$ cat upload-v4.pdb   # PDB, C-alpha atoms, pLDDT in the B column
ATOM      1  CA  MET A   1     104.856  80.798 101.799  1.00 88.00           C
ATOM      2  CA  ASN A   2     103.236  84.238 101.999  1.00 93.00           C
ATOM      3  CA  GLU A   3     106.179  85.837 100.161  1.00 96.00           C
ATOM      4  CA  PHE A   4     106.204  83.079  97.509  1.00 97.00           C
ATOM      5  CA  TYR A   5     102.590  83.673  96.488  1.00 98.00           C
ATOM      6  CA  MET A   6     102.931  87.439  96.883  1.00 98.00           C
ATOM      7  CA  ASN A   7     105.763  87.354  94.353  1.00 98.00           C
ATOM      8  CA  ILE A   8     103.355  85.787  91.853  1.00 98.00           C
ATOM      9  CA  ALA A   9     100.846  88.563  92.604  1.00 98.00           C
ATOM     10  CA  ILE A  10     103.606  91.147  92.081  1.00 98.00           C
ATOM     11  CA  LYS A  11     104.346  89.643  88.651  1.00 98.00           C
ATOM     12  CA  GLU A  12     100.659  90.086  87.807  1.00 98.00           C
ATOM     13  CA  ALA A  13     100.763  93.690  89.058  1.00 98.00           C
ATOM     14  CA  LYS A  14     103.736  94.365  86.787  1.00 98.00           C
ATOM     15  CA  LYS A  15     101.626  93.202  83.821  1.00 98.00           C
ATOM     16  CA  ALA A  16      98.991  95.763  84.809  1.00 98.00           C
ATOM     17  CA  TYR A  17     101.685  98.441  85.036  1.00 97.00           C
ATOM     18  CA  LYS A  18     102.921  97.527  81.551  1.00 96.00           C
ATOM     19  CA  TYR A  19      99.390  98.005  80.176  1.00 96.00           C
ATOM     20  CA  GLU A  20      98.940 101.313  82.023  1.00 95.00           C
ATOM     21  CA  GLU A  21      96.498  99.869  84.540  1.00 97.00           C
ATOM     22  CA  VAL A  22      96.780 100.557  88.260  1.00 96.00           C
ATOM     23  CA  PRO A  23      99.364  97.896  89.167  1.00 98.00           C
ATOM     24  CA  VAL A  24      97.449  95.486  91.357  1.00 98.00           C
ATOM     25  CA  GLY A  25      97.798  91.736  91.043  1.00 98.00           C
ATOM     26  CA  ALA A  26      95.950  88.900  92.774  1.00 98.00           C
ATOM     27  CA  VAL A  27      96.514  85.162  93.171  1.00 98.00           C
ATOM     28  CA  ILE A  28      94.109  82.603  94.641  1.00 98.00           C
ATOM     29  CA  VAL A  29      95.590  79.507  96.242  1.00 98.00           C
ATOM     30  CA  LYS A  30      93.974  76.310  97.485  1.00 98.00           C
ATOM     31  CA  ASN A  31      95.925  73.547  99.207  1.00 97.00           C
ATOM     32  CA  ASN A  32      99.215  75.239  98.247  1.00 97.00           C
ATOM     33  CA  LYS A  33      98.269  75.253  94.563  1.00 98.00           C
ATOM     34  CA  VAL A  34      97.654  78.374  92.463  1.00 98.00           C
ATOM     35  CA  ILE A  35      94.038  78.205  91.268  1.00 98.00           C
ATOM     36  CA  SER A  36      93.916  81.570  89.480  1.00 98.00           C
ATOM     37  CA  LYS A  37      95.800  84.802  89.010  1.00 98.00           C
ATOM     38  CA  ALA A  38      94.860  88.163  87.549  1.00 98.00           C
ATOM     39  CA  TYR A  39      95.694  91.840  87.287  1.00 98.00           C
ATOM     40  CA  ASN A  40      93.614  95.003  86.974  1.00 98.00           C
ATOM     41  CA  LYS A  41      91.909  95.465  83.608  1.00 98.00           C
ATOM     42  CA  LYS A  42      89.633  98.405  84.347  1.00 97.00           C
ATOM     43  CA  GLU A  43      91.073 100.649  81.616  1.00 95.00           C
ATOM     44  CA  LYS A  44      91.299  97.937  78.966  1.00 96.00           C
ATOM     45  CA  THR A  45      87.744  96.721  79.497  1.00 97.00           C
ATOM     46  CA  ARG A  46      86.301 100.130  80.402  1.00 97.00           C
ATOM     47  CA  ASN A  47      84.583  98.306  83.231  1.00 97.00           C
ATOM     48  CA  VAL A  48      84.920  99.555  86.804  1.00 96.00           C
ATOM     49  CA  THR A  49      84.447  96.030  88.240  1.00 97.00           C
ATOM     50  CA  LYS A  50      87.503  94.538  86.527  1.00 98.00           C
ATOM     51  CA  HIS A  51      89.752  94.668  89.584  1.00 98.00           C
ATOM     52  CA  ALA A  52      92.410  91.968  89.939  1.00 98.00           C
ATOM     53  CA  GLU A  53      90.587  90.372  92.875  1.00 98.00           C
ATOM     54  CA  ILE A  54      87.237  90.135  91.062  1.00 98.00           C
ATOM     55  CA  ILE A  55      88.840  88.651  87.943  1.00 98.00           C
ATOM     56  CA  ALA A  56      90.816  86.134  90.039  1.00 98.00           C
ATOM     57  CA  ILE A  57      87.653  85.132  91.952  1.00 98.00           C
ATOM     58  CA  SER A  58      85.757  84.648  88.696  1.00 98.00           C
ATOM     59  CA  LYS A  59      88.526  82.455  87.263  1.00 98.00           C
ATOM     60  CA  ALA A  60      88.756  80.411  90.480  1.00 98.00           C
ATOM     61  CA  CYS A  61      84.982  79.843  90.562  1.00 98.00           C
ATOM     62  CA  LYS A  62      85.079  78.656  86.968  1.00 98.00           C
ATOM     63  CA  LYS A  63      88.030  76.336  87.623  1.00 98.00           C
ATOM     64  CA  LEU A  64      86.524  74.847  90.789  1.00 98.00           C
ATOM     65  CA  LYS A  65      82.992  74.850  89.317  1.00 98.00           C
ATOM     66  CA  ASN A  66      81.684  76.462  92.485  1.00 98.00           C
ATOM     67  CA  TRP A  67      81.059  79.974  93.783  1.00 98.00           C
ATOM     68  CA  ARG A  68      82.160  78.793  97.230  1.00 98.00           C
ATOM     69  CA  LEU A  69      85.928  79.163  97.432  1.00 98.00           C
ATOM     70  CA  ASP A  70      86.186  77.371 100.769  1.00 96.00           C
ATOM     71  CA  ASP A  71      89.751  76.792 101.966  1.00 96.00           C
ATOM     72  CA  CYS A  72      91.123  79.277  99.442  1.00 98.00           C
ATOM     73  CA  GLU A  73      93.438  82.175 100.176  1.00 98.00           C
ATOM     74  CA  ILE A  74      93.928  85.337  98.135  1.00 98.00           C
ATOM     75  CA  TYR A  75      97.212  87.190  97.817  1.00 98.00           C
ATOM     76  CA  VAL A  76      96.880  90.734  96.527  1.00 98.00           C
ATOM     77  CA  THR A  77      99.461  93.479  96.167  1.00 98.00           C
ATOM     78  CA  MET A  78      97.186  96.194  97.582  1.00 97.00           C
ATOM     79  CA  GLU A  79      94.539  96.052 100.288  1.00 97.00           C
ATOM     80  CA  PRO A  80      91.183  95.297  98.633  1.00 97.00           C
ATOM     81  CA  CYS A  81      88.532  97.985  98.216  1.00 96.00           C
ATOM     82  CA  MET A  82      85.002  97.613  99.564  1.00 95.00           C
ATOM     83  CA  MET A  83      83.716  95.884  96.399  1.00 96.00           C
ATOM     84  CA  CYS A  84      86.568  93.371  96.360  1.00 97.00           C
ATOM     85  CA  SER A  85      86.514  92.790 100.126  1.00 96.00           C
ATOM     86  CA  SER A  86      82.820  91.979  99.940  1.00 96.00           C
ATOM     87  CA  ALA A  87      83.326  89.589  97.010  1.00 97.00           C
ATOM     88  CA  ILE A  88      86.172  87.892  98.886  1.00 97.00           C
ATOM     89  CA  GLU A  89      84.055  87.408 101.997  1.00 96.00           C
ATOM     90  CA  GLN A  90      80.956  86.299 100.064  1.00 96.00           C
ATOM     91  CA  SER A  91      82.973  83.756  98.081  1.00 97.00           C
ATOM     92  CA  ARG A  92      84.086  82.328 101.437  1.00 97.00           C
ATOM     93  CA  ILE A  93      87.808  82.818 100.881  1.00 98.00           C
ATOM     94  CA  LYS A  94      89.336  82.187 104.287  1.00 97.00           C
ATOM     95  CA  LYS A  95      92.401  84.427 104.179  1.00 97.00           C
ATOM     96  CA  ILE A  96      93.581  87.667 102.552  1.00 98.00           C
ATOM     97  CA  VAL A  97      97.289  88.409 102.372  1.00 98.00           C
ATOM     98  CA  TYR A  98      98.083  91.852 101.015  1.00 98.00           C
ATOM     99  CA  GLY A  99     101.159  93.958 100.415  1.00 97.00           C
ATOM    100  CA  VAL A 100     100.431  97.639 100.831  1.00 97.00           C
ATOM    101  CA  LYS A 101      97.604  99.385 102.648  1.00 96.00           C
ATOM    102  CA  ASN A 102      95.085 101.141 100.421  1.00 94.00           C
ATOM    103  CA  GLU A 103      94.851 104.521 102.153  1.00 89.00           C
ATOM    104  CA  ASN A 104      91.940 105.762 100.029  1.00 90.00           C
ATOM    105  CA  TYR A 105      89.699 102.743  99.496  1.00 91.00           C
ATOM    106  CA  GLY A 106      90.970  99.860 101.650  1.00 91.00           C
ATOM    107  CA  SER A 107      88.211  98.195 103.604  1.00 90.00           C
ATOM    108  CA  THR A 108      89.453  94.901 105.029  1.00 91.00           C
ATOM    109  CA  LYS A 109      88.646  96.224 108.503  1.00 89.00           C
ATOM    110  CA  LEU A 110      84.973  95.656 107.659  1.00 87.00           C
ATOM    111  CA  LEU A 111      85.437  91.907 107.205  1.00 91.00           C
ATOM    112  CA  LYS A 112      84.290  89.495 109.873  1.00 90.00           C
ATOM    113  CA  ASN A 113      84.969  85.991 108.594  1.00 89.00           C
ATOM    114  CA  VAL A 114      88.318  86.376 106.859  1.00 95.00           C
ATOM    115  CA  GLU A 115      91.825  86.158 108.310  1.00 96.00           C
ATOM    116  CA  ILE A 116      93.889  89.167 107.235  1.00 97.00           C
ATOM    117  CA  ILE A 117      97.658  89.340 106.951  1.00 96.00           C
ATOM    118  CA  SER A 118      99.120  92.655 105.827  1.00 96.00           C
ATOM    119  CA  GLN A 119     102.422  94.214 104.818  1.00 95.00           C
ATOM    120  CA  ILE A 120     103.853  91.166 103.009  1.00 95.00           C
ATOM    121  CA  SER A 121     106.446  92.360 100.457  1.00 96.00           C
ATOM    122  CA  GLU A 122     105.161  95.819 101.330  1.00 96.00           C
ATOM    123  CA  LYS A 123     108.148  97.779 100.027  1.00 97.00           C
ATOM    124  CA  GLU A 124     108.016  96.270  96.541  1.00 97.00           C
ATOM    125  CA  CYS A 125     104.225  96.652  96.308  1.00 97.00           C
ATOM    126  CA  LYS A 126     104.387 100.253  97.516  1.00 97.00           C
ATOM    127  CA  ASN A 127     107.202 101.164  95.102  1.00 97.00           C
ATOM    128  CA  LEU A 128     105.226  99.765  92.178  1.00 97.00           C
ATOM    129  CA  ILE A 129     102.116 101.797  93.047  1.00 96.00           C
ATOM    130  CA  GLN A 130     104.082 104.988  93.731  1.00 96.00           C
ATOM    131  CA  SER A 131     106.072 104.644  90.517  1.00 95.00           C
ATOM    132  CA  PHE A 132     102.859 104.211  88.527  1.00 95.00           C
ATOM    133  CA  PHE A 133     101.199 107.328  89.959  1.00 93.00           C
ATOM    134  CA  LYS A 134     104.363 109.448  89.639  1.00 91.00           C
ATOM    135  CA  LYS A 135     104.475 108.525  85.957  1.00 86.00           C
ATOM    136  CA  ARG A 136     100.791 109.454  85.503  1.00 78.00           C
ATOM    137  CA  ARG A 137     101.063 112.894  87.093  1.00 73.00           C
TER     138      ARG A 137
END
$ encode --input "upload-v4.pdb" --output "structure tokens"
Amino acid sequence: MNEFYMNIAIKEAKKAYKYEEVPVGAVIVKNNKVISKAYNKKEKTRNVTKHAEIIAISKACKKLKNWRLDDCEIYVTMEPCMMCSSAIEQSRIKKIVYGVKNENYGSTKLLKNVEIISQISEKECKNLIQSFFKKRR
């Protein structure tokens, strides 16, 4: 199932790529049902907090009418940064599944109450990120 949901996150990341955003996508799942999905919108909104994970958490909270996302899992194409990792833990998401390690800002190692699964669909996630930054430079 990890690859199934990661593929949805990758589709979201490709939307970000299309709009010249850093191609990161996120999907939140509860009881094997997609609750929310999002992609980075930092450039479009000119708002540094508009990471895919934060947007997906916000949508999930609205849908579930609760800030507590108990029994939810998040699938994200790149390891979450410190801001997103904290929001994931504080929202009580139980599991993070990510594709590629974030060498510069990844901070899942700081989490205490969240199961972490890494390197799911890693090659595709990594290629998307590398392609984006090659195009920008």
$ closest_residue --input "upload-v4.pdb" --among "A:Glu124, A:Glu3, A:Asp71, A:Glu103" --to "Pro23 of chain A" --atoms "all atoms listed in the file"
A:Glu124
$ atom_distance --input "upload-v4.pdb" --atom1 "atom CA of Arg68 of chain A" --atom2 "atom CA of Arg92 of chain A"
5.8 Å
$ residues_near_point --input "upload-v4.pdb" --point "(103.7, 85.9, 92.7)" --cutoff "10 Å" --atoms "only C-alpha atoms" --output "NGL selection string"
:A and (2-13 or 25-27 or 34 or 37 or 75-77)
$ atom_distance --input "upload-v4.pdb" --atom1 "atom CA of Asn40 of chain A" --atom2 "atom CA of Ser121 of chain A"
18.8 Å
$ resolve_selection --input "upload-v4.pdb" --expression "the PyMOL selection byres ((chain A and resi 82) around 10)" --output "CSV table (one decimal) with C-alpha atoms, in the coordinates of the input"
chain,number,residue,atom,x,y,z
A,79,GLU,CA,94.5,96.1,100.3
A,80,PRO,CA,91.2,95.3,98.6
A,81,CYS,CA,88.5,98.0,98.2
A,83,MET,CA,83.7,95.9,96.4
A,84,CYS,CA,86.6,93.4,96.4
A,85,SER,CA,86.5,92.8,100.1
A,86,SER,CA,82.8,92.0,99.9
A,87,ALA,CA,83.3,89.6,97.0
A,88,ILE,CA,86.2,87.9,98.9
A,105,TYR,CA,89.7,102.7,99.5
A,106,GLY,CA,91.0,99.9,101.6
A,107,SER,CA,88.2,98.2,103.6
A,108,THR,CA,89.5,94.9,105.0
A,109,LYS,CA,88.6,96.2,108.5
A,110,LEU,CA,85.0,95.7,107.7
A,111,LEU,CA,85.4,91.9,107.2
$ closest_residue --input "upload-v4.pdb" --among "A:Lys95, A:Lys41, A:Lys62, A:Lys30" --to "Asn113 of chain A" --atoms "all atoms listed in the file"
A:Lys95
$ atom_distance --input "upload-v4.pdb" --atom1 "atom CA of Lys14 of chain A" --atom2 "atom CA of Asp70 of chain A"
28.1 Å
$ resolve_selection --input "upload-v4.pdb" --expression "the PyMOL selection byres ((chain A and resi 21) around 9)" --output "VMD selection string"
chain A and resid 13 15 to 20 22 to 24 39 to 44 132
$ residues_around --input "upload-v4.pdb" --residues "Val114 of chain A" --least-positions-apart "5" --cutoff "7 Å" --atoms "all atoms listed in the file" --output "list in words"
Glu89, Ile93, Lys94, Lys95 and Ile96 of chain A
$ axis_aligned_box --input "upload-v4.pdb" --around "segment 4-19 of chain A" --padding-each-side "5 Å" --output "AutoDock Vina command-line options"
--center_x 102.6 --center_y 90.8 --center_z 88.8 --size_x 17.2 --size_y 25.4 --size_z 27.3
$ closest_residue --input "upload-v4.pdb" --among "A:Ile129, A:Leu69, A:Ala38, A:Ile28" --to "Asn102 of chain A" --atoms "only C-alpha atoms"
A:Ile129
$ resolve_selection --input "upload-v4.pdb" --expression "the PyMOL selection byres ((chain A and resi 120) around 7)" --output "list of chain:residue names"
A:Glu3, A:Tyr98, A:Gly99, A:Ser118, A:Gln119, A:Ser121, A:Glu122
$ closest_residue --input "upload-v4.pdb" --among "A:Lys123, A:His51, A:Lys33, A:Arg46" --to "Glu73 of chain A" --atoms "all atoms listed in the file"
A:Lys33
$ closest_residue --input "upload-v4.pdb" --among "A:Phe133, A:Ser91, A:Asn47, A:Ala52" --to "Asn66 of chain A" --atoms "all atoms listed in the file"
A:Ser91
$ closest_residue --input "upload-v4.pdb" --among "A:Thr49, A:Met78, A:Lys134, A:Ile35" --to "Cys61 of chain A" --atoms "only C-alpha atoms"
A:Ile35
$ decode --input "upload-v4.pdb" --residues "segment 17-47 of chain A" --atoms "N, CA, C and O atoms" --output "CSV table (one decimal), in the first residue's frame"
chain,number,residue,atom,x,y,z
A,17,TYR,N,5.6,20.8,-9.9
A,17,TYR,CA,6.7,21.0,-10.9
A,17,TYR,C,6.1,21.8,-12.1
A,17,TYR,O,6.8,22.7,-12.5
A,18,LYS,N,4.9,21.4,-12.5
A,18,LYS,CA,4.3,22.1,-13.6
A,18,LYS,C,4.1,23.6,-13.3
A,18,LYS,O,4.2,24.5,-14.2
A,19,TYR,N,3.8,24.0,-12.1
A,19,TYR,CA,3.7,25.4,-11.7
A,19,TYR,C,4.9,26.0,-11.2
A,19,TYR,O,4.9,27.0,-10.5
A,20,GLU,N,6.1,25.4,-11.4
A,20,GLU,CA,7.4,25.9,-11.1
A,20,GLU,C,7.6,26.0,-9.6
A,20,GLU,O,8.2,26.9,-9.1
A,21,GLU,N,6.9,25.1,-8.8
A,21,GLU,CA,7.1,25.0,-7.4
A,21,GLU,C,8.1,23.8,-7.1
A,21,GLU,O,8.1,22.9,-8.0
A,22,VAL,N,8.8,23.9,-6.0
A,22,VAL,CA,9.6,22.7,-5.7
A,22,VAL,C,8.6,21.5,-5.7
A,22,VAL,O,7.6,21.5,-5.0
A,23,PRO,N,9.0,20.4,-6.4
A,23,PRO,CA,8.0,19.3,-6.6
A,23,PRO,C,7.9,18.4,-5.4
A,23,PRO,O,8.5,17.3,-5.4
A,24,VAL,N,7.1,18.8,-4.5
A,24,VAL,CA,6.8,18.0,-3.3
A,24,VAL,C,5.3,17.8,-3.2
A,24,VAL,O,4.6,18.8,-3.3
A,25,GLY,N,4.9,16.6,-3.1
A,25,GLY,CA,3.4,16.3,-2.9
A,25,GLY,C,3.2,15.5,-1.6
A,25,GLY,O,4.1,14.8,-1.2
A,26,ALA,N,2.0,15.6,-1.1
A,26,ALA,CA,1.7,15.0,0.2
A,26,ALA,C,0.2,14.4,0.1
A,26,ALA,O,-0.6,15.1,-0.5
A,27,VAL,N,0.0,13.3,0.7
A,27,VAL,CA,-1.3,12.7,0.8
A,27,VAL,C,-1.5,12.2,2.2
A,27,VAL,O,-0.6,11.6,2.8
A,28,ILE,N,-2.7,12.5,2.8
A,28,ILE,CA,-3.0,12.0,4.1
A,28,ILE,C,-4.1,10.9,4.0
A,28,ILE,O,-5.1,11.1,3.3
A,29,VAL,N,-3.9,9.8,4.7
A,29,VAL,CA,-4.8,8.7,4.6
A,29,VAL,C,-5.2,8.2,6.0
A,29,VAL,O,-4.5,8.3,6.9
A,30,LYS,N,-6.5,7.9,6.0
A,30,LYS,CA,-7.1,7.4,7.3
A,30,LYS,C,-7.9,6.2,6.9
A,30,LYS,O,-8.8,6.2,6.1
A,31,ASN,N,-7.7,5.0,7.6
A,31,ASN,CA,-8.4,3.8,7.3
A,31,ASN,C,-8.4,3.5,5.8
A,31,ASN,O,-9.5,3.1,5.3
A,32,ASN,N,-7.3,3.6,5.2
A,32,ASN,CA,-7.1,3.2,3.8
A,32,ASN,C,-7.9,4.1,2.8
A,32,ASN,O,-8.3,3.7,1.7
A,33,LYS,N,-8.3,5.3,3.3
A,33,LYS,CA,-9.0,6.3,2.5
A,33,LYS,C,-8.2,7.6,2.4
A,33,LYS,O,-7.8,8.1,3.4
A,34,VAL,N,-8.1,8.1,1.2
A,34,VAL,CA,-7.4,9.4,1.1
A,34,VAL,C,-8.3,10.5,1.7
A,34,VAL,O,-9.5,10.7,1.3
A,35,ILE,N,-7.8,11.2,2.6
A,35,ILE,CA,-8.5,12.3,3.3
A,35,ILE,C,-8.2,13.6,2.7
A,35,ILE,O,-9.0,14.5,2.5
A,36,SER,N,-6.9,13.8,2.3
A,36,SER,CA,-6.5,15.1,1.6
A,36,SER,C,-5.2,14.8,0.8
A,36,SER,O,-4.5,13.9,1.1
A,37,LYS,N,-5.0,15.7,-0.1
A,37,LYS,CA,-3.7,15.7,-0.9
A,37,LYS,C,-3.4,17.1,-1.2
A,37,LYS,O,-4.3,18.0,-1.3
A,38,ALA,N,-2.1,17.4,-1.4
A,38,ALA,CA,-1.7,18.8,-1.7
A,38,ALA,C,-0.3,18.7,-2.3
A,38,ALA,O,0.4,17.7,-2.3
A,39,TYR,N,0.1,19.9,-2.9
A,39,TYR,CA,1.5,20.1,-3.4
A,39,TYR,C,2.0,21.5,-2.9
A,39,TYR,O,1.2,22.3,-2.5
A,40,ASN,N,3.3,21.7,-3.0
A,40,ASN,CA,3.9,22.9,-2.6
A,40,ASN,C,3.2,24.1,-3.4
A,40,ASN,O,3.0,24.0,-4.6
A,41,LYS,N,3.0,25.2,-2.6
A,41,LYS,CA,2.4,26.4,-3.2
A,41,LYS,C,3.1,27.6,-2.7
A,41,LYS,O,2.5,28.7,-2.6
A,42,LYS,N,4.4,27.5,-2.3
A,42,LYS,CA,5.1,28.6,-1.7
A,42,LYS,C,5.3,29.8,-2.7
A,42,LYS,O,5.1,30.9,-2.3
A,43,GLU,N,5.6,29.5,-3.9
A,43,GLU,CA,5.8,30.6,-4.9
A,43,GLU,C,4.5,31.2,-5.2
A,43,GLU,O,4.4,32.5,-5.3
A,44,LYS,N,3.5,30.4,-5.5
A,44,LYS,CA,2.2,31.0,-5.9
A,44,LYS,C,1.6,31.9,-4.9
A,44,LYS,O,1.1,32.9,-5.1
A,45,THR,N,1.7,31.4,-3.6
A,45,THR,CA,1.1,32.2,-2.5
A,45,THR,C,2.0,33.2,-1.9
A,45,THR,O,1.6,34.0,-1.1
A,46,ARG,N,3.3,33.1,-2.2
A,46,ARG,CA,4.3,34.0,-1.6
A,46,ARG,C,4.3,33.9,-0.1
A,46,ARG,O,4.4,34.8,0.6
A,47,ASN,N,4.1,32.6,0.3
A,47,ASN,CA,4.0,32.3,1.7
A,47,ASN,C,4.9,31.1,2.1
A,47,ASN,O,4.6,30.0,1.6
